[in-house]
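Chemist: Shown below is the structure under consideration.
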2 protein chains.
Amino acid sequence: MIHGLRKLRFNLKALWPAMSMNLKELSHKLGLSQTTVSRALNGYPEVSEATRARVQRAAEQHDYRPSARAKGLATGRALAIGHVIQTSTRHEMVNPIFADFIAGAGETYARNGYEMVLSIAEDAAEDQVYRALRARRAVDGVIVHAPRMNDARIALLNDIGLPFVVHGRASGITLPYSWLDVNNRSAFARATGFLLDLGHRRIGFVNGLEFMDFAHRRRLGYTGALGESGITADPGLMRSGEMTEEFGYISARDMLAGPHPPSAFLVASMICGVGVRRATQALGLRMGRDVSVIIHDDVLSYLQNGGAVPIFTATRSSVREAGRMAAEMLLQNIATPDRPAANILLEAELVVGGSTGPAPQQEAP
Amino acid sequence: MIHGLRKLRFNLKALWPAMSMNLKELSHKLGLSQTTVSRALNGYPEVSEATRARVQRAAEQHDYRPSARAKGLATGRALAIGHVIQTSTRHEMVNPIFADFIAGAGETYARNGYEMVLSIAEDAAEDQVYRALRARRAVDGVIVHAPRMNDARIALLNDIGLPFVVHGRASGITLPYSWLDVNNRSAFARATGFLLDLGHRRIGFVNGLEFMDFAHRRRLGYTGALGESGITADPGLMRSGEMTEEFGYISARDMLAGPHPPSAFLVASMICGVGVRRATQALGLRMGRDVSVIIHDDVLSYLQNGGAVPIFTATRSSVREAGRMAAEMLLQNIATPDRPAANILLEAELVVGGSTGPAPQQEAP
DNA sequence: AATCAACCTCAAAGCGCTTTGGATACAACC
DNA sequence: GGTTGTATCCAAAGCGCTTTGAGGTTGATT
C-alpha cells in the first residue's frame with residue numbers, strides 16, 4: 001500500500017511530458033560547455049561575439065529559457081515581487097484600486113524580468129503570509145498595500161529583512177521606510193477650500209474607513225481647511241465606511257434628510273460618488289446646481305471620470321502610475337540594499353467638472 | 001574593470017543577510033538526517049510519530065519552511081498557477097472583473113499550497129508570455145481570461161502542453177478543452193424575455209466588444225429571444241464597445257435621442273448600467289417607470305447592486321465564485337493529467353430590482 | 001625562440017530540496 | 001540460532017542553473 005503510493009507518484013513524474021530544452025542539452029547541441037553557454041546568454045564579456053551570436057541563435061531556435069527555479073536556486077534571488085491582498089471575511093471587499101495598481105507595477109516588472117506573485121491573506125493570518133514569503137524565499141521584496149495607521153507590517157518586514165515599499169504611509173511609524181503616497185491631506189484641503197470659495201458652508205464628508213491611513217489624512221485635510229475658515233466640522237456631516245456605491249448612497253441620503261442638510265459633498269472615491277449622485281437624484285436635486293460634489297479620482301481604467309468633460313469635479317491621481325513608480329522604487333531598493341529609504345509624495349490635481357457650482361442662496365425662513 | 005564587476009556581484013551575495021533556516025541546518029540541530037526530516041514534514045509513513053512530532057515542533061520553532069525554488073527544482077512542479085492579464089496599449093483597460101476573480105481563485109490556491117503568478121501581456125506579445133511561462137517552468141498551469149471567438153491561445157496551450165482552464169469559452173474551437181462559463185446566451189435570452197413580457201418592444205442592447213466570446217453569446221441570446229417573439233433586432237438599437245461607464249452613457253443617450261427611442265435597455269455590466277442611468281436621468285426620465293434597464297451583475301465586491309433591494313434588475317452570477325471553481329478545476333487537471341476536459345456551465349440568476357417596469361403606454365400620434 | 005597577454009573555454013562545486021536504494025536494530029517466528 | 005519481518009533511519013544522487021578557479025590557444029612582443 002505504501003509502496004503502491006510511492007510508485008504512483010513516481011509514475012506521475014515519469015509520465016510528465018519531455019521537459020523543454022535545458023542548458024545541458026543546448027550546450028551539448030552546440031558542442032560547448034554549459035559555462036560558456038550560460039555566460040554567452042547572460043552577457044558576460046569572456047565570450048567571443050561570434051560564439052555569443054551562435055549561442056543566442058540556437059537558444060531562440062529551440063525556445064530555450066533557463067528554468068526560473070534553477071536560476072533562482074543558483075543565484076539566491078527569486079526574481080519575483082510579492083503583493084499581498086487582504087480579503088477579510090468580515091467585509092468581503094477586494095480593493096477596487098488593486099487591479100490598476102497591479103497593472104502599472106506589472107509593466108515595470110515585465111521590463112525588468114521580474115515576476116509578480118500574489119498572495120491572499122485572510123484577516124489575522126497576514127503576518128504569517130509575509131513570514132512565509134520570506135522563509136520560502138519566494139520573493140525578493142513586497143509592496144505593502146492599503147496601510148493602516150501604525151501599521152504593524154512595517155516593523156514586521158523590517159524585522160524579517162524583506163525589502164518593501166509601501167503604497168501610502170502609516171502615521172505613527174517613526175522608523176524610516178520607503179513609501180510612495182498621494183498627498184491626501186493637501187488634496188482634500190484644497191477641495192474643501194474650493195467648495196468654501198464657492199460659498200458652501202455645510203460640506204458633507206463621505207470618507208473611507210478612518211483607521212486606514214489615507215482616510216485619516218483626508219479627514220485632517222478636510223477639518224483643517226474648515227478650521228482655517230473658522231468653521232468647526234459638524235460630526236453629523238461626516239461618515240466613514242467601506243467605499244462602496246451603496247455606502248455613498250446611504251451617507252448622502254441620510255445627511256440630506258437631516259434638519260440642516262449640506263449643500264456640498266466631499267467624497268472618497270468615484271464609486272462612492274456614483275452612490276452620492278444616486279441619492280441626490282432620488283431626491284430630485286441636481287448635481288452642480290442644488291448640490292455640489294467633489295470626488296477623489298484614482299483614474300481607474302474601467303471607471304473613467306467621463307470623457308473630455310469630467311463628470312465630477314475631482315482631485316485626481318493615477319493609481320496605475322503609482323504602481324509603476326512604486327515598483328521601480330522597490331526594484332532599486334533590492335538592487336542597492338544599503339540605499340536609504342526613499343519617499344515620493346505625489347500631488348493630486350484638481351480638475352473641475354460639472355458637479356460643482358456656487359452654493360444655492362439660503363432661503364429665508 | 002571586468003573583474004571589478006564580478007567582485008561586486010560576489011560581494012552583494014556575501015552581504016545578503018544570513019539565509020533563514022534550511023533543511024541541512026534543521027536536521028543537524030535535530031541530530032537527524034535530511035531525509036528523515038524531509039519525510040517527517042511531508043507526512044511520509046516511514047517516520048515514527050514521536051520523531052515526526054519532534055521535527056514538526058522544531059520546524060515551527062525555527063520558522064523553517066522549505067525553499068520554494070529548491071523544492072520546485074527537486075519535484076519538477078512549480079506549485080504555482082499563472083494568470084496572464086492583457087493590457088493593450090490601444091485601450092488601456094484593465095478588466096474590472098479581474099480583481100474579484102483573482103480573489104476567488106486565490107482562496108483555492110492558498111488552501112492547496114499553490115502560488116499565483118501574474119504576468120502582463122502587452123498586445124501581440126501574448127503568445128510569448130505563455131511560451132515563456134512554460135519554458136521557464138514558472139507555473140504548472142494557467143487560467144485563460146477573457147477568451148475571444150476562435151481564441152488562438154487554446155491551440156497554443158495545447159501545443160506546448162501547459163495545463164489550462166478557460167474562464168469562458170471560445171466559439172469556433174472544436175477541440176475539447178476545460179472551461180467554466182456562465183450561460184450568457186440563456187441569461188440574456190431570459191432577460192430579453194422578461195422585458196418582452198413587460199410589454200417592451202424596442203429594447204436597446206448595450207453590449208461588450210463582440211469579438212469577445214461572452215458578448216457574442218449574449219447577442220445571440222438577445223436576438224434569439226426577440227426572434228421568438230417575431231421581432232427583428234433593429235441594428236440601430238445595438239451598441240458594442242468597451243464596457244465603461246462612459247460607453248453606457250453615450251450609447252443610451254444616443255439611442256434615446258433617436259426617432260424611435262427604446263423603452264428598455266439590456267446592459268452588459270453594472271458599470272455600463274451606471275452610465276445608462278446617468279443618460280436617462282440627464283433626459284429627465286425615471287428608471288423603472290419611463291425606461292427599464294436590466295444589467296448583468298458579476299457581484300463585484302466593490303460595486304454591489306444595492307443593498308437588500310437590488311437597484312437594477314439583473315442577471316446575476318458571481319465572478320468570485322467562478323474564480324474559486326475554475327481554480328479547483330485547474331488543480332484537478334494538474335493532479336490528474338489524463339483527465340478528460342471538464343466543463344462547467346453556470347446559470348445566471350435573474351433578480352428583479354427597481355429598474356424595470358411595464359412598458360409605458362404608447363402615446364397616440 | 002621564449003615570454004606574455006589577451007582571449008576563450010571548461011570541469012566541478014555548489015544552491016536546498018526530494019527520492020532511491022539500502023542499512024541498522026529489534027522483535028517475533030520457526 | 002537463523003530467518004523473516006517491521007520499524008526507523010541514512011548516504012548519496014539528482015533537479016538545472018551559476019560561478020569559481022584553471023587550462024588552452026592565439027598572436028604579438030621581446
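We name chains A, B, ... following the order of the C-alpha cells; residues begin at 1 in each chain, and ligands are numbered from 1 as shown.
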Select from chain D every residue with an atom at most 7 Å from any atom of chain B, then for each give the shortest pair of atoms and their distance in Å to one decimal, using only C-alpha atoms (C1' of nucleotides), rows by chain and rising number, as a Markdown table.

Modeler:
```
| residue | atom | partner | partner_atom | distance |
| --- | --- | --- | --- | --- |
| D:DT8 | C1' | B:Val47 | CA | 6.5 |
| D:DC9 | C1' | B:Thr36 | CA | 6.8 |
| D:DC10 | C1' | B:Ser33 | CA | 6.2 |
| D:DC15 | C1' | B:Ala74 | CA | 4.7 |
```

Chemist: Export, as a PDB file, in the first residue's frame, the selected residues with C-alpha atoms (C1' of nucleotides).

Modeler:
```pdb
ATOM      1  C1'  DT D   8      13.458   3.621  11.698  1.00  0.00           C
ATOM      2  C1'  DC D   9      16.755   5.939   9.778  1.00  0.00           C
ATOM      3  C1'  DC D  10      20.592   7.389   6.391  1.00  0.00           C
ATOM      4  C1'  DC D  15      16.836  18.642 -10.320  1.00  0.00           C
TER       5       DC D  15
END
```

Chemist: Taking the DSSP assignment computed from this structure's backbone, write out as a ChimeraX atom specification all residues of stretch 67-279 of chain B that belong to helix (DSSP H, G or I).

Modeler: /B:68-75,98-111,123-135,152-160,184-197,213-228,235-237,245-257,270-279

Chemist: Set the distance at 12 Å and use only C-alpha atoms (C1' of nucleotides): which residues neighbour C:DA13 once local chain neighbours fewer than 3 positions away are removed? I'd like the list as a short mmCIF file (atom, residue, chain, number, x, y, z; two decimals) with C-alpha atoms (C1' of nucleotides), in the first residue's frame.

Modeler:
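In the end it all went to part.cif:
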```cif
data_model
loop_
_atom_site.label_atom_id
_atom_site.label_comp_id
_atom_site.auth_asym_id
_atom_site.auth_seq_id
_atom_site.Cartn_x
_atom_site.Cartn_y
_atom_site.Cartn_z
CA ALA A 74 21.72 29.15 -8.04
"C1'" DT D 18 25.62 30.00 -11.87
"C1'" DT D 19 30.24 30.76 -10.62
"C1'" DT D 20 34.99 29.63 -9.33
"C1'" DG D 21 39.48 28.70 -10.35
#
```

Chemist: Can you check which residues of chain B have any atom within 7 Å of chain A? Use only C-alpha atoms and format it as a ChimeraX atom specification.

Modeler: /B:20,64-70,72-73,92-94,96,98-100,106-107,110,115-120,135-138,244-246,301-303,306-307

Chemist: Based on the selection just made, write N, CA and C atoms of those residues as a compact mmCIF listing (two decimals), in the first residue's frame.

Modeler:
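This is the output file out.txt:
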```txt
# COMPACT_ATOMS: atom_id res chain seq x y z
N SER B 20 17.67 32.19 5.95
CA SER B 20 16.87 31.58 7.00
C SER B 20 17.21 30.11 7.13
N TYR B 64 10.95 27.27 10.09
CA TYR B 64 11.51 26.67 8.88
C TYR B 64 10.42 26.42 7.86
N ARG B 65 10.68 26.83 6.64
CA ARG B 65 9.79 26.49 5.54
C ARG B 65 10.66 26.20 4.33
N PRO B 66 10.44 25.09 3.67
CA PRO B 66 11.32 24.71 2.57
C PRO B 66 11.35 25.78 1.48
N SER B 67 12.49 25.99 0.92
CA SER B 67 12.63 26.96 -0.16
C SER B 67 11.78 26.54 -1.35
N ALA B 68 10.97 27.47 -1.80
CA ALA B 68 10.06 27.17 -2.91
C ALA B 68 10.83 26.72 -4.14
N ARG B 69 11.96 27.36 -4.40
CA ARG B 69 12.68 27.04 -5.63
C ARG B 69 13.40 25.71 -5.53
N ALA B 70 13.95 25.44 -4.38
CA ALA B 70 14.64 24.16 -4.22
C ALA B 70 13.63 23.03 -4.33
N GLY B 72 10.77 23.11 -5.81
CA GLY B 72 10.30 23.04 -7.18
C GLY B 72 11.30 22.34 -8.07
N LEU B 73 12.54 22.66 -7.87
CA LEU B 73 13.58 22.05 -8.69
C LEU B 73 13.62 20.55 -8.46
N GLU B 92 -6.42 51.14 -22.90
CA GLU B 92 -5.65 50.88 -21.68
C GLU B 92 -6.50 50.35 -20.56
N MET B 93 -7.32 49.40 -20.88
CA MET B 93 -8.32 48.98 -19.92
C MET B 93 -7.90 47.72 -19.17
N VAL B 94 -8.05 47.77 -17.88
CA VAL B 94 -7.85 46.57 -17.09
C VAL B 94 -9.23 45.98 -16.83
N PRO B 96 -12.24 44.92 -15.19
CA PRO B 96 -12.68 45.22 -13.82
C PRO B 96 -13.09 43.95 -13.06
N PHE B 98 -11.40 41.30 -13.07
CA PHE B 98 -10.18 40.59 -12.73
C PHE B 98 -9.93 40.46 -11.24
N ALA B 99 -10.03 41.57 -10.53
CA ALA B 99 -9.69 41.56 -9.11
C ALA B 99 -10.52 40.55 -8.34
N ASP B 100 -11.80 40.52 -8.63
CA ASP B 100 -12.66 39.60 -7.88
C ASP B 100 -12.42 38.15 -8.28
N GLY B 106 -7.57 32.83 -5.75
CA GLY B 106 -6.51 32.85 -4.74
C GLY B 106 -6.87 32.07 -3.49
N GLU B 107 -8.10 32.11 -3.10
CA GLU B 107 -8.51 31.33 -1.93
C GLU B 107 -8.26 29.85 -2.17
N ALA B 110 -4.47 29.16 -2.10
CA ALA B 110 -3.93 29.22 -0.75
C ALA B 110 -4.24 27.94 0.01
N GLU B 115 0.87 28.94 -5.39
CA GLU B 115 1.04 30.37 -5.51
C GLU B 115 0.39 30.85 -6.81
N MET B 116 0.19 32.14 -6.88
CA MET B 116 -0.44 32.70 -8.06
C MET B 116 0.53 33.68 -8.68
N VAL B 117 0.91 33.47 -9.91
CA VAL B 117 1.78 34.47 -10.52
C VAL B 117 1.08 35.17 -11.67
N LEU B 118 1.23 36.48 -11.67
CA LEU B 118 0.57 37.31 -12.67
C LEU B 118 1.58 37.78 -13.70
N SER B 119 1.19 37.73 -14.94
CA SER B 119 2.05 38.32 -15.96
C SER B 119 1.24 39.30 -16.76
N ILE B 120 1.90 40.35 -17.16
CA ILE B 120 1.26 41.32 -18.02
C ILE B 120 1.64 40.99 -19.45
N ALA B 135 8.34 27.55 -20.80
CA ALA B 135 9.76 27.23 -20.99
C ALA B 135 10.54 27.40 -19.70
N ARG B 136 10.18 28.37 -18.92
CA ARG B 136 10.91 28.59 -17.67
C ARG B 136 10.34 27.75 -16.54
N ARG B 137 9.39 26.92 -16.85
CA ARG B 137 8.72 26.09 -15.82
C ARG B 137 8.29 26.96 -14.66
N ALA B 138 7.77 28.14 -14.97
CA ALA B 138 7.40 29.06 -13.90
C ALA B 138 6.10 28.67 -13.24
N THR B 244 -17.32 50.56 -20.34
CA THR B 244 -17.07 51.61 -19.35
C THR B 244 -18.37 52.33 -19.03
N GLU B 245 -18.30 53.15 -18.01
CA GLU B 245 -19.45 53.95 -17.64
C GLU B 245 -19.79 54.89 -18.79
N GLU B 246 -18.75 55.48 -19.32
CA GLU B 246 -18.93 56.43 -20.42
C GLU B 246 -19.59 55.79 -21.63
N SER B 301 -17.23 42.87 -5.58
CA SER B 301 -17.32 43.22 -4.16
C SER B 301 -17.39 44.73 -3.95
N TYR B 302 -16.83 45.48 -4.86
CA TYR B 302 -16.80 46.92 -4.63
C TYR B 302 -17.92 47.63 -5.37
N LEU B 303 -18.74 46.87 -6.03
CA LEU B 303 -19.82 47.50 -6.79
C LEU B 303 -21.06 46.63 -6.72
N GLY B 306 -26.71 47.43 -5.02
CA GLY B 306 -27.58 47.87 -3.94
C GLY B 306 -27.51 46.98 -2.72
N GLY B 307 -28.34 47.28 -1.76
CA GLY B 307 -28.33 46.51 -0.51
C GLY B 307 -29.35 45.39 -0.57
```

Chemist: Can you pull out every residue within 6 Å of A:Val291, counting only C-alpha atoms (C1' of nucleotides), but drop anything in the same chain fewer than 3 positions away, and send it as a count of residues only?

Modeler: 4

Chemist: With 7 Å as the cut-off and only C-alpha atoms (C1' of nucleotides) counted, what is the closest atom pair between each nearby residue of chain C and chain A? Distances in Å to one decimal, ordered by chain and number, as JSON lines.

Modeler:
```
{"residue": "C:DC8", "atom": "C1'", "partner": "A:Val47", "partner_atom": "CA", "distance": 6.4}
{"residue": "C:DT9", "atom": "C1'", "partner": "A:Thr36", "partner_atom": "CA", "distance": 6.7}
{"residue": "C:DC10", "atom": "C1'", "partner": "A:Ser33", "partner_atom": "CA", "distance": 6.4}
{"residue": "C:DC15", "atom": "C1'", "partner": "A:Ala74", "partner_atom": "CA", "distance": 4.8}
```

Chemist: Once you have the residues from the selection above, write them out as an mmCIF file, in the first residue's frame, restricted to N, CA and C atoms (P, O5', C5', C4', C3', O3' and C1' of nucleotides).

Modeler:
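Okay, selection38.cif is ready:
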```
data_model
loop_
_atom_site.group_PDB
_atom_site.id
_atom_site.type_symbol
_atom_site.label_atom_id
_atom_site.label_comp_id
_atom_site.auth_asym_id
_atom_site.auth_seq_id
_atom_site.Cartn_x
_atom_site.Cartn_y
_atom_site.Cartn_z
ATOM 1 P P DC C 8 37.358 36.660 -27.503
ATOM 2 O "O5'" DC C 8 37.107 35.104 -27.490
ATOM 3 C "C5'" DC C 8 37.606 34.379 -26.407
ATOM 4 C "C4'" DC C 8 37.700 32.924 -26.757
ATOM 5 C "C3'" DC C 8 36.417 32.165 -26.409
ATOM 6 O "O3'" DC C 8 36.224 31.067 -27.295
ATOM 7 C "C1'" DC C 8 38.183 31.602 -24.901
ATOM 8 P P DT C 9 34.823 30.293 -27.181
ATOM 9 O "O5'" DT C 9 35.156 29.247 -26.029
ATOM 10 C "C5'" DT C 9 35.992 28.143 -26.325
ATOM 11 C "C4'" DT C 9 36.316 27.403 -25.054
ATOM 12 C "C3'" DT C 9 35.112 26.774 -24.370
ATOM 13 O "O3'" DT C 9 35.091 25.392 -24.680
ATOM 14 C "C1'" DT C 9 36.683 27.721 -22.835
ATOM 15 P P DC C 10 33.872 24.518 -24.141
ATOM 16 O "O5'" DC C 10 34.438 23.965 -22.767
ATOM 17 C "C5'" DC C 10 35.685 23.274 -22.750
ATOM 18 C "C4'" DC C 10 36.094 23.012 -21.318
ATOM 19 C "C3'" DC C 10 35.010 22.300 -20.504
ATOM 20 O "O3'" DC C 10 35.513 21.056 -20.059
ATOM 21 C "C1'" DC C 10 35.950 24.132 -19.306
ATOM 22 P P DC C 15 26.300 25.795 -0.783
ATOM 23 O "O5'" DC C 15 24.917 26.218 -1.439
ATOM 24 C "C5'" DC C 15 24.703 27.516 -1.936
ATOM 25 C "C4'" DC C 15 23.363 27.538 -2.626
ATOM 26 C "C3'" DC C 15 22.284 26.750 -1.875
ATOM 27 O "O3'" DC C 15 21.547 27.676 -1.080
ATOM 28 C "C1'" DC C 15 22.239 26.318 -4.257
#
```

Chemist: Got a sec: who's within 8 Å of stretch 348-363 of chain B, counting only C-alpha atoms (C1' of nucleotides), leaving out chain neighbours fewer than 2 positions off, as a PyMOL selection string?

Modeler: chain B and resi 182-184+187+191+195+198-200+263-264+287-294+309-317+346+365

Chemist: Export, as a PDB file, in the first residue's frame, the selected residues with N, CA and C atoms.

Modeler:
```
ATOM      1  N   VAL B 182     -20.384  31.146 -17.720  1.00  0.00           N
ATOM      2  CA  VAL B 182     -21.776  31.435 -17.397  1.00  0.00           C
ATOM      3  C   VAL B 182     -22.572  31.232 -18.674  1.00  0.00           C
ATOM      4  N   ASN B 183     -23.772  30.759 -18.561  1.00  0.00           N
ATOM      5  CA  ASN B 183     -24.595  30.602 -19.749  1.00  0.00           C
ATOM      6  C   ASN B 183     -25.110  31.972 -20.185  1.00  0.00           C
ATOM      7  N   ASN B 184     -24.250  32.694 -20.857  1.00  0.00           N
ATOM      8  CA  ASN B 184     -24.575  34.062 -21.242  1.00  0.00           C
ATOM      9  C   ASN B 184     -25.763  34.126 -22.186  1.00  0.00           C
ATOM     10  N   ALA B 187     -28.971  33.511 -20.260  1.00  0.00           N
ATOM     11  CA  ALA B 187     -29.206  34.622 -19.338  1.00  0.00           C
ATOM     12  C   ALA B 187     -29.779  35.821 -20.081  1.00  0.00           C
ATOM     13  N   ALA B 191     -33.488  37.516 -19.912  1.00  0.00           N
ATOM     14  CA  ALA B 191     -33.676  38.938 -19.594  1.00  0.00           C
ATOM     15  C   ALA B 191     -34.499  39.616 -20.682  1.00  0.00           C
ATOM     16  N   LEU B 195     -38.297  41.422 -20.387  1.00  0.00           N
ATOM     17  CA  LEU B 195     -38.686  42.750 -20.868  1.00  0.00           C
ATOM     18  C   LEU B 195     -39.853  42.656 -21.844  1.00  0.00           C
ATOM     19  N   LEU B 198     -43.014  42.338 -20.155  1.00  0.00           N
ATOM     20  CA  LEU B 198     -43.477  43.605 -19.572  1.00  0.00           C
ATOM     21  C   LEU B 198     -44.037  44.546 -20.644  1.00  0.00           C
ATOM     22  N   GLY B 199     -44.031  44.071 -21.860  1.00  0.00           N
ATOM     23  CA  GLY B 199     -44.625  44.863 -22.923  1.00  0.00           C
ATOM     24  C   GLY B 199     -43.641  45.694 -23.732  1.00  0.00           C
ATOM     25  N   HIS B 200     -42.376  45.601 -23.421  1.00  0.00           N
ATOM     26  CA  HIS B 200     -41.386  46.378 -24.177  1.00  0.00           C
ATOM     27  C   HIS B 200     -41.197  45.761 -25.549  1.00  0.00           C
ATOM     28  N   SER B 263     -37.687  51.639 -25.140  1.00  0.00           N
ATOM     29  CA  SER B 263     -38.306  51.835 -23.822  1.00  0.00           C
ATOM     30  C   SER B 263     -37.574  51.028 -22.762  1.00  0.00           C
ATOM     31  N   ALA B 264     -36.605  50.243 -23.208  1.00  0.00           N
ATOM     32  CA  ALA B 264     -35.851  49.433 -22.250  1.00  0.00           C
ATOM     33  C   ALA B 264     -34.437  49.193 -22.760  1.00  0.00           C
ATOM     34  N   MET B 287     -35.843  55.760 -14.217  1.00  0.00           N
ATOM     35  CA  MET B 287     -35.572  54.356 -14.440  1.00  0.00           C
ATOM     36  C   MET B 287     -36.644  53.529 -13.743  1.00  0.00           C
ATOM     37  N   GLY B 288     -37.182  52.555 -14.439  1.00  0.00           N
ATOM     38  CA  GLY B 288     -38.198  51.698 -13.839  1.00  0.00           C
ATOM     39  C   GLY B 288     -39.608  52.176 -14.163  1.00  0.00           C
ATOM     40  N   ARG B 289     -39.719  53.448 -14.562  1.00  0.00           N
ATOM     41  CA  ARG B 289     -41.035  53.963 -14.997  1.00  0.00           C
ATOM     42  C   ARG B 289     -40.995  54.296 -16.485  1.00  0.00           C
ATOM     43  N   ASP B 290     -40.167  55.261 -16.820  1.00  0.00           N
ATOM     44  CA  ASP B 290     -40.087  55.683 -18.225  1.00  0.00           C
ATOM     45  C   ASP B 290     -39.206  54.752 -19.034  1.00  0.00           C
ATOM     46  N   VAL B 291     -38.168  54.277 -18.404  1.00  0.00           N
ATOM     47  CA  VAL B 291     -37.217  53.395 -19.087  1.00  0.00           C
ATOM     48  C   VAL B 291     -36.874  52.239 -18.175  1.00  0.00           C
ATOM     49  N   SER B 292     -36.901  51.039 -18.733  1.00  0.00           N
ATOM     50  CA  SER B 292     -36.497  49.871 -17.948  1.00  0.00           C
ATOM     51  C   SER B 292     -35.068  49.489 -18.300  1.00  0.00           C
ATOM     52  N   VAL B 293     -34.358  48.981 -17.294  1.00  0.00           N
ATOM     53  CA  VAL B 293     -32.964  48.601 -17.517  1.00  0.00           C
ATOM     54  C   VAL B 293     -32.673  47.270 -16.830  1.00  0.00           C
ATOM     55  N   ILE B 294     -32.074  46.366 -17.568  1.00  0.00           N
ATOM     56  CA  ILE B 294     -31.562  45.138 -16.962  1.00  0.00           C
ATOM     57  C   ILE B 294     -30.054  45.071 -17.225  1.00  0.00           C
ATOM     58  N   VAL B 309     -32.567  45.569  -1.390  1.00  0.00           N
ATOM     59  CA  VAL B 309     -33.326  45.671  -2.637  1.00  0.00           C
ATOM     60  C   VAL B 309     -32.366  46.023  -3.769  1.00  0.00           C
ATOM     61  N   PRO B 310     -32.279  45.200  -4.789  1.00  0.00           N
ATOM     62  CA  PRO B 310     -31.366  45.495  -5.890  1.00  0.00           C
ATOM     63  C   PRO B 310     -31.741  46.804  -6.582  1.00  0.00           C
ATOM     64  N   ILE B 311     -30.750  47.558  -6.930  1.00  0.00           N
ATOM     65  CA  ILE B 311     -31.000  48.772  -7.690  1.00  0.00           C
ATOM     66  C   ILE B 311     -31.476  48.399  -9.083  1.00  0.00           C
ATOM     67  N   PHE B 312     -30.686  47.555  -9.692  1.00  0.00           N
ATOM     68  CA  PHE B 312     -31.012  47.144 -11.059  1.00  0.00           C
ATOM     69  C   PHE B 312     -31.612  45.741 -11.082  1.00  0.00           C
ATOM     70  N   THR B 313     -32.573  45.549 -11.905  1.00  0.00           N
ATOM     71  CA  THR B 313     -32.939  44.182 -12.256  1.00  0.00           C
ATOM     72  C   THR B 313     -31.730  43.618 -12.995  1.00  0.00           C
ATOM     73  N   ALA B 314     -31.367  42.374 -12.701  1.00  0.00           N
ATOM     74  CA  ALA B 314     -30.094  41.883 -13.220  1.00  0.00           C
ATOM     75  C   ALA B 314     -30.051  40.392 -13.442  1.00  0.00           C
ATOM     76  N   THR B 315     -29.227  39.980 -14.373  1.00  0.00           N
ATOM     77  CA  THR B 315     -28.829  38.581 -14.456  1.00  0.00           C
ATOM     78  C   THR B 315     -27.570  38.502 -13.621  1.00  0.00           C
ATOM     79  N   ARG B 316     -27.576  37.604 -12.657  1.00  0.00           N
ATOM     80  CA  ARG B 316     -26.509  37.643 -11.668  1.00  0.00           C
ATOM     81  C   ARG B 316     -25.697  36.357 -11.606  1.00  0.00           C
ATOM     82  N   SER B 317     -24.408  36.516 -11.553  1.00  0.00           N
ATOM     83  CA  SER B 317     -23.525  35.358 -11.406  1.00  0.00           C
ATOM     84  C   SER B 317     -22.196  35.838 -10.837  1.00  0.00           C
ATOM     85  N   LEU B 346     -22.463  27.575 -15.725  1.00  0.00           N
ATOM     86  CA  LEU B 346     -23.250  28.144 -14.635  1.00  0.00           C
ATOM     87  C   LEU B 346     -24.451  28.895 -15.193  1.00  0.00           C
ATOM     88  N   PRO B 365     -50.323  59.330 -31.711  1.00  0.00           N
ATOM     89  CA  PRO B 365     -49.546  60.277 -32.503  1.00  0.00           C
ATOM     90  C   PRO B 365     -50.299  61.586 -32.735  1.00  0.00           C
TER      91      PRO B 365
END
```

Chemist: I'd like the neighbourhood of B:Ser38 as a short mmCIF file (atom, residue, chain, number, x, y, z; two decimals) with N, CA and C atoms (P, O5', C5', C4', C3', O3' and C1' of nucleotides), in the first residue's frame, where a residue qualifies if any of its atoms comes within 9 Å (using only C-alpha atoms (C1' of nucleotides)), though same-chain residues fewer than 6 positions away should be ignored.

Modeler:
```cif
data_model
loop_
_atom_site.label_atom_id
_atom_site.label_comp_id
_atom_site.auth_asym_id
_atom_site.auth_seq_id
_atom_site.Cartn_x
_atom_site.Cartn_y
_atom_site.Cartn_z
N LEU B 23 17.04 23.09 5.50
CA LEU B 23 16.87 21.69 5.89
C LEU B 23 18.12 21.12 6.54
N SER B 27 18.10 19.71 10.30
CA SER B 27 18.32 18.28 10.57
C SER B 27 19.56 18.11 11.45
N TYR B 44 5.37 11.38 5.31
CA TYR B 44 5.62 10.01 4.88
C TYR B 44 5.48 9.07 6.07
P DC C 17 15.75 23.77 2.31
"O5'" DC C 17 15.36 22.41 1.58
"C5'" DC C 17 14.07 22.11 1.24
"C4'" DC C 17 14.04 21.40 -0.11
"C3'" DC C 17 13.60 19.95 -0.02
"O3'" DC C 17 12.19 19.91 -0.10
"C1'" DC C 17 15.42 20.25 -1.57
P DT C 18 11.46 18.59 0.37
"O5'" DT C 18 11.80 17.59 -0.82
"C5'" DT C 18 11.12 17.75 -2.05
"C4'" DT C 18 11.50 16.62 -2.98
"C3'" DT C 18 10.94 15.26 -2.59
"O3'" DT C 18 10.54 14.64 -3.80
"C1'" DT C 18 13.29 15.13 -2.77
#
```

Chemist: Quick one: residues within 12 Å of stretch 26-28 of chain D, only C-alpha atoms (C1' of nucleotides) counted, chain neighbours fewer than 2 positions away excluded, as a list in words?

Modeler: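 In the requested form, the answer reads DT3, DC4, DA5, DA6, DC7 and DC8 of chain C; DG24 and DT30 of chain D.
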
Chemist: Write the selection just made, keeping C-alpha atoms (C1' of nucleotides), as a compact mmCIF listing (two decimals), in the first residue's frame?

Modeler:
```txt
# COMPACT_ATOMS: atom_id res chain seq x y z
C1' DT C 3 57.58 35.04 -22.99
C1' DC C 4 53.41 37.27 -22.08
C1' DA C 5 48.97 38.99 -22.57
C1' DA C 6 44.51 38.57 -24.22
C1' DC C 7 41.04 35.85 -25.18
C1' DC C 8 38.18 31.60 -24.90
C1' DG D 24 44.17 26.07 -23.59
C1' DT D 30 60.95 40.78 -26.62
```

Chemist: Between atom CA of A:Gly248 and atom CA of B:Leu285, measure the distance and give it in Å to one decimal.

Modeler: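 Distance reported for this atom pair: 22.3 Å.
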
Chemist: Report, in Å to a single decimal, how far apart atom CA of A:Ser318 and atom CA of A:Val165 are.

Modeler: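 Atom CA of A:Ser318 lies 17.6 Å from atom CA of A:Val165.
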